[in-house]
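Colleague: My questions will all concern the structure given below.
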Amino acid sequence: MRVALFATCLGDTLFPGAVRATLRVLERLGCTVEFPPGQTCCGQMHTNTGYHEQAVPAVRSFVAAFEGYDHVVAPSGSCVGSIRHQHDIVAERGGDRKLSEAVGRVSPHVYELSEFLVDVLGVTDVGAYFPHRVTYHPTCHSLRMLRVGDKPRRLLSEVRGIRLLELPEAEQCCGFGGTFALKNPDVSVAMGADKTRHVRETGAEVLCASDSSCLMHMGGLLDRQREGIRTMHLAEILAGTEEDR
Amino acid sequence: MSGVDLGMPTFPDAARQAVRDAQLRHNLGRATSTIRNKRAAVVDELDDWEQLRASGAAIKAHTLSRLDTYLERFEAAVTAAGGTVHWARDAAEANRIVTELVRETGETEAVKVKSMATQEIGLNEALASAGISAWETDLAELIVQLDEDRPSHILVPAIHRNRSEIREIFRREMAGSGTPAPADLTDDPVQLAEAARHHLREKFLRANVAISGANFAVAETGSLVVVESEGNGRMCLTMPDNLISVVGIEKLVPSWRDLEVFLQLLPRSSTGERMNPYTSVLSGVTEGDGPSNFHVVLLDNGRSEALADEVGSQALRCIRCSACLNVCPVYERAGGHAYGSVYPGPIGAVLTPQLYGVESEDTASLPYASTLCGACYDVCPVAIEIPELLVHLRNRTTRERKGWFDRLTGTAMRGLGWVFGDSKRLGRAQRIASLGGRLFGRRGIGRLPWPMSRWTDARDAPAPAPESFRQWWERNRTGSGDER
């Protein structure tokens, strides 16, 4: 199956390990992965901060890069949520009918990683091995924009050697919220402090999620607290196999 | 801005103080988690909740789309039933009408229930300046009024107070406005309720004027519906001879039958109860039963303007259940006062800027007081798409505001938008960033200059990767290698 990989601007620039892991999982499952070089960003930061007009160039570059692919996969629930639910709003605000039509053609083909694996490939056992104590934070946009439900957890529960630990108040937001983290740092950190407290309570060595952005916030707090708890993207756990050891 | 919201700090500034208040954080965390768990349990009982929710949304959306028709129908029905309808364009007009109506009775005090709309317009203050005392009779409203405080929650206005704080307020303040608290009052809830009951009973028996709000106004019959848990609403609506109700124009429902939907949605969403304890319906004047002098003041105060906004008008569906507050992680930490309005939480963040505009810093900061986590939409009994509205209002804010900081942010966003418009530009920016990344190695960054210090004050920041994914792909998969 031919798949276009959308690295996301954050993954591309700050967390390329999560993107390479996504590539690895997809190739191991037999996909032919392409990286359309014209891709940049989904424009979510602009859109959610209220700069819809300034998000138009990103939306334009996105549809130009991915038009024509049946399957576009991104390791981010948040970016995929923005593509599916906001690109039409941005295109409309930009007043470009052609762009609106292109958005309508492209966005239904875009999948978050766990959706693609479970719904399209029909796989929950991806052949991964990860002998560690892990707790999973279901990120808000995966949960409430994309409604991925327990797909990430189903994927994790099939990983050999893993010990999945229940995160208390798991569905409550971690406090990242994009530019919210900068505009309202006090509330953002207060929410993050409660979230990382729950992570500590589980006794996990690894905090896993499907969005590098949320992990950047929670990981930044855990690192500052010198907790010795690692953050890993879902793809990074799914990428490891027994042969790697 | 209305009289009650003058000169509030912005949300981030107010929230900064609130998150440092350990007592407040504890009270809020405990109270909101209790109510939201109760709500979740009783909502899960119903197989048809999603249908009820869709019906609630549809009825409200329909009513709002023909609001002029239903308002006139309501006026005709109230008039036919012996009441009088007044129309108030804004807070000043509503306050003037109510003050005049109280004066006509010759009374100098009034008991109050369902006070949200009257708080929105600052009625108590307006009445006070006309020499009229208005007594709040809802227990939590009483606590707030005695303490000269502001409500911080739609359903539980004193949610920021725990019982020992309430005991102090009662002992200190009750004597100043009527029956004092017993000298040996403890913080036992039964004793506190008893003290409030004695204090309020005296006022109920004396009062000849009541001022109320309403949960619903039925156009078909001209009925006002007051939904409450303490019986104080029943007292206010039946005992005094004069009743003045201040009702927002969005409270209309077309027919009596529509209440079937809302009287299921509201208690389960609001207090987490299957059925509401006291539901009072007042349909005009009946000889020898309830008030003989009945007035309804229909309040606009910015609602028509909100109604004109295609996306924003959804907010007017709100039935003030407060489920969105109880589930909101931002509200849980910041508390209601940080929103600087009688309408706090997610619904306040979309309602207040629409009622008052985004000209001032404080209202303009409200659409940004959310992580867009979406929990509010999931619990909203009338399916208001609060996250979408927040983003919509953020867009309005960026277009209407022209301060220096707004311009600076706009320029930065345009610059970044330009970079994201072309992968070659992004690639160049990444190569510059990765140089910095190599400098830092893979360690986290502990301190960055403003504005990124807002991140690094409490969190480490990741260093840019020494090699972006794009560079890695070019080096490993395209055969062309790094094009530098």
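Letters A, B, ... mark the chains of the structure tokens in the order given; residue numbers begin at 1 per chain; ligand numbers begin at 1, in order shown.
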Tell me the residues of chain B close to chain A, meaning within 6 Å using only C-alpha atoms, as a PyMOL selection string.
Modeller: chain B and resi 12+16+371+373+391+394-395+414+417+420-421+423+454+459-461+464-465+468-469
Colleague: Would you mind exporting the chosen residues as an mmCIF file, in the first residue's frame, restricted to N, CA, C and O atoms?
Modeller:
```cif
data_model
loop_
_atom_site.group_PDB
_atom_site.id
_atom_site.type_symbol
_atom_site.label_atom_id
_atom_site.label_comp_id
_atom_site.auth_asym_id
_atom_site.auth_seq_id
_atom_site.Cartn_x
_atom_site.Cartn_y
_atom_site.Cartn_z
ATOM 1 N N PRO B 12 -5.185 35.717 32.170
ATOM 2 C CA PRO B 12 -3.910 35.153 32.654
ATOM 3 C C PRO B 12 -3.452 35.780 33.971
ATOM 4 O O PRO B 12 -2.932 35.080 34.841
ATOM 5 N N ARG B 16 -3.234 33.685 37.452
ATOM 6 C CA ARG B 16 -1.936 33.534 38.106
ATOM 7 C C ARG B 16 -2.110 33.564 39.622
ATOM 8 O O ARG B 16 -1.507 32.783 40.349
ATOM 9 N N THR B 371 -7.566 25.311 26.493
ATOM 10 C CA THR B 371 -6.610 24.507 25.723
ATOM 11 C C THR B 371 -7.285 23.878 24.506
ATOM 12 O O THR B 371 -6.652 23.129 23.778
ATOM 13 N N CYS B 373 -9.481 21.559 24.595
ATOM 14 C CA CYS B 373 -9.446 20.109 24.817
ATOM 15 C C CYS B 373 -10.753 19.445 24.418
ATOM 16 O O CYS B 373 -10.803 18.233 24.219
ATOM 17 N N VAL B 391 -12.285 29.376 18.859
ATOM 18 C CA VAL B 391 -11.374 29.654 17.756
ATOM 19 C C VAL B 391 -11.945 30.770 16.873
ATOM 20 O O VAL B 391 -11.221 31.658 16.413
ATOM 21 N N ARG B 394 -11.344 33.945 18.645
ATOM 22 C CA ARG B 394 -9.933 34.299 18.585
ATOM 23 C C ARG B 394 -9.650 35.001 17.250
ATOM 24 O O ARG B 394 -8.922 35.990 17.201
ATOM 25 N N ASN B 395 -10.250 34.472 16.193
ATOM 26 C CA ASN B 395 -10.070 35.093 14.887
ATOM 27 C C ASN B 395 -10.621 36.515 14.889
ATOM 28 O O ASN B 395 -9.994 37.445 14.388
ATOM 29 N N ARG B 414 2.519 36.352 10.612
ATOM 30 C CA ARG B 414 2.601 36.474 9.149
ATOM 31 C C ARG B 414 3.939 35.928 8.652
ATOM 32 O O ARG B 414 4.010 35.202 7.665
ATOM 33 N N GLY B 417 3.884 32.262 8.934
ATOM 34 C CA GLY B 417 2.974 31.767 7.898
ATOM 35 C C GLY B 417 3.675 31.728 6.548
ATOM 36 O O GLY B 417 3.493 30.795 5.760
ATOM 37 N N PHE B 420 5.959 28.760 6.468
ATOM 38 C CA PHE B 420 5.202 27.518 6.284
ATOM 39 C C PHE B 420 4.549 27.431 4.899
ATOM 40 O O PHE B 420 3.994 26.398 4.537
ATOM 41 N N GLY B 421 4.609 28.499 4.150
ATOM 42 C CA GLY B 421 4.013 28.488 2.818
ATOM 43 C C GLY B 421 4.889 27.810 1.790
ATOM 44 O O GLY B 421 4.460 27.564 0.666
ATOM 45 N N SER B 423 8.179 24.792 1.378
ATOM 46 C CA SER B 423 9.039 23.822 2.067
ATOM 47 C C SER B 423 10.513 24.208 1.995
ATOM 48 O O SER B 423 11.289 23.834 2.875
ATOM 49 N N ARG B 454 8.282 32.114 29.006
ATOM 50 C CA ARG B 454 6.995 31.665 29.534
ATOM 51 C C ARG B 454 6.885 30.147 29.472
ATOM 52 O O ARG B 454 6.090 29.544 30.167
ATOM 53 N N ARG B 459 9.300 24.618 32.539
ATOM 54 C CA ARG B 459 9.476 23.398 31.746
ATOM 55 C C ARG B 459 10.784 23.471 30.981
ATOM 56 O O ARG B 459 11.138 24.543 30.470
ATOM 57 N N ASP B 460 11.469 22.353 30.846
ATOM 58 C CA ASP B 460 12.598 22.325 29.922
ATOM 59 C C ASP B 460 12.038 22.375 28.506
ATOM 60 O O ASP B 460 10.919 21.935 28.254
ATOM 61 N N ALA B 461 12.812 22.922 27.592
ATOM 62 C CA ALA B 461 12.401 22.957 26.189
ATOM 63 C C ALA B 461 13.301 22.014 25.406
ATOM 64 O O ALA B 461 14.475 21.864 25.728
ATOM 65 N N PRO B 464 16.351 21.814 19.134
ATOM 66 C CA PRO B 464 16.066 21.341 17.776
ATOM 67 C C PRO B 464 16.971 20.150 17.452
ATOM 68 O O PRO B 464 18.110 20.094 17.898
ATOM 69 N N ALA B 465 16.443 19.201 16.711
ATOM 70 C CA ALA B 465 17.228 18.010 16.387
ATOM 71 C C ALA B 465 18.426 18.412 15.533
ATOM 72 O O ALA B 465 18.318 19.305 14.695
ATOM 73 N N SER B 468 17.001 17.406 10.917
ATOM 74 C CA SER B 468 15.548 17.308 10.796
ATOM 75 C C SER B 468 15.198 16.024 10.053
ATOM 76 O O SER B 468 16.058 15.411 9.405
ATOM 77 N N PHE B 469 13.923 15.627 10.145
ATOM 78 C CA PHE B 469 13.507 14.433 9.406
ATOM 79 C C PHE B 469 13.730 14.642 7.917
ATOM 80 O O PHE B 469 14.184 13.748 7.197
#
```
Colleague: As a ChimeraX atom specification, please: the residues near Leu146 (chain A) (cut-off 12 Å, only C-alpha atoms, same-chain neighbours under 2 positions excluded).
Modeller: /A:76-85,108,110-116,138-144,148-151 /B:373-374
Colleague: Mind dumping the selected residues with C-alpha atoms as a PDB file, in the first residue's frame?
Modeller:
```pdb
ATOM      1  CA  SER A  76      -0.223  13.398  15.521  1.00  0.00           C
ATOM      2  CA  GLY A  77      -3.884  13.392  16.515  1.00  0.00           C
ATOM      3  CA  SER A  78      -3.824  17.127  16.879  1.00  0.00           C
ATOM      4  CA  CYS A  79      -2.505  17.930  13.387  1.00  0.00           C
ATOM      5  CA  VAL A  80      -4.870  15.416  11.773  1.00  0.00           C
ATOM      6  CA  GLY A  81      -7.738  16.909  13.781  1.00  0.00           C
ATOM      7  CA  SER A  82      -6.877  20.340  12.452  1.00  0.00           C
ATOM      8  CA  ILE A  83      -6.643  19.051   8.880  1.00  0.00           C
ATOM      9  CA  ARG A  84      -9.998  17.322   9.044  1.00  0.00           C
ATOM     10  CA  HIS A  85     -11.947  19.902  11.009  1.00  0.00           C
ATOM     11  CA  PRO A 108     -10.740  12.652   4.112  1.00  0.00           C
ATOM     12  CA  VAL A 110      -5.564  11.873   6.161  1.00  0.00           C
ATOM     13  CA  TYR A 111      -5.161   9.511   9.130  1.00  0.00           C
ATOM     14  CA  GLU A 112      -3.635   9.620  12.555  1.00  0.00           C
ATOM     15  CA  LEU A 113      -1.209   6.705  12.998  1.00  0.00           C
ATOM     16  CA  SER A 114      -3.343   4.519  15.299  1.00  0.00           C
ATOM     17  CA  GLU A 115      -6.424   5.039  13.096  1.00  0.00           C
ATOM     18  CA  PHE A 116      -4.474   4.019  10.031  1.00  0.00           C
ATOM     19  CA  PRO A 138      -4.813   9.819  25.437  1.00  0.00           C
ATOM     20  CA  THR A 139      -4.364  13.277  23.935  1.00  0.00           C
ATOM     21  CA  CYS A 140      -7.450  15.483  23.684  1.00  0.00           C
ATOM     22  CA  HIS A 141      -7.662  15.943  19.927  1.00  0.00           C
ATOM     23  CA  SER A 142      -7.187  12.197  19.302  1.00  0.00           C
ATOM     24  CA  LEU A 143      -9.892  11.531  21.818  1.00  0.00           C
ATOM     25  CA  ARG A 144     -12.440  14.282  21.187  1.00  0.00           C
ATOM     26  CA  VAL A 148      -9.807   7.304  18.097  1.00  0.00           C
ATOM     27  CA  GLY A 149     -11.138   5.694  21.265  1.00  0.00           C
ATOM     28  CA  ASP A 150      -8.980   2.871  22.594  1.00  0.00           C
ATOM     29  CA  LYS A 151      -7.069   2.235  19.357  1.00  0.00           C
TER      30      LYS A 151
ATOM     31  CA  CYS B 373      -9.446  20.109  24.817  1.00  0.00           C
ATOM     32  CA  GLY B 374     -13.093  19.693  23.833  1.00  0.00           C
TER      33      GLY B 374
END
```
Colleague: Fewer than 5 positions away in the same chain doesn't count, so skip those; otherwise give me all residues within 10 Å of Arg28 (chain A), counting only C-alpha atoms, as a count of residues only.
Modeller: 5
Colleague: Determine the nearest neighbour of Leu185 (chain B) from the options B:Glu305, B:Val98, B:Tyr343, B:Arg172, counting only C-alpha atoms.
Modeller: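 The answer is B:Arg172, which sits nearest to Leu185 (chain B).
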Colleague: Could you name the residues that touch Glu243 (chain A) at 12 Å or less, counting only C-alpha atoms, but leaving out those on the same chain fewer than 5 positions away, as a ChimeraX atom specification?
Modeller: /A:127-130
Colleague: Leaving out Arg73 (chain B) and any residue of its chain fewer than 4 positions from it, which residues lie within 8 Å of it when counting only C-alpha atoms, given as number ranges by chain?
Modeller: B: 69, 77, 219-220, 222
Colleague: Could you write those residues out with N, CA and C atoms, as a short mmCIF file (atom, residue, chain, number, x, y, z; two decimals), in the first residue's frame?
Modeller:
```cif
data_model
loop_
_atom_site.label_atom_id
_atom_site.label_comp_id
_atom_site.auth_asym_id
_atom_site.auth_seq_id
_atom_site.Cartn_x
_atom_site.Cartn_y
_atom_site.Cartn_z
N THR B 69 -40.63 36.26 16.43
CA THR B 69 -41.99 35.71 16.46
C THR B 69 -42.34 35.19 17.85
N ALA B 77 -49.11 36.32 25.26
CA ALA B 77 -49.63 35.33 26.23
C ALA B 77 -49.54 35.86 27.66
N ALA B 219 -43.35 30.45 25.18
CA ALA B 219 -44.04 31.42 24.33
C ALA B 219 -45.55 31.13 24.24
N GLU B 220 -45.87 29.86 24.12
CA GLU B 220 -47.25 29.43 23.93
C GLU B 220 -48.18 29.91 25.04
N GLY B 222 -47.04 31.88 27.87
CA GLY B 222 -46.54 33.01 28.65
C GLY B 222 -46.06 32.59 30.03
#
```
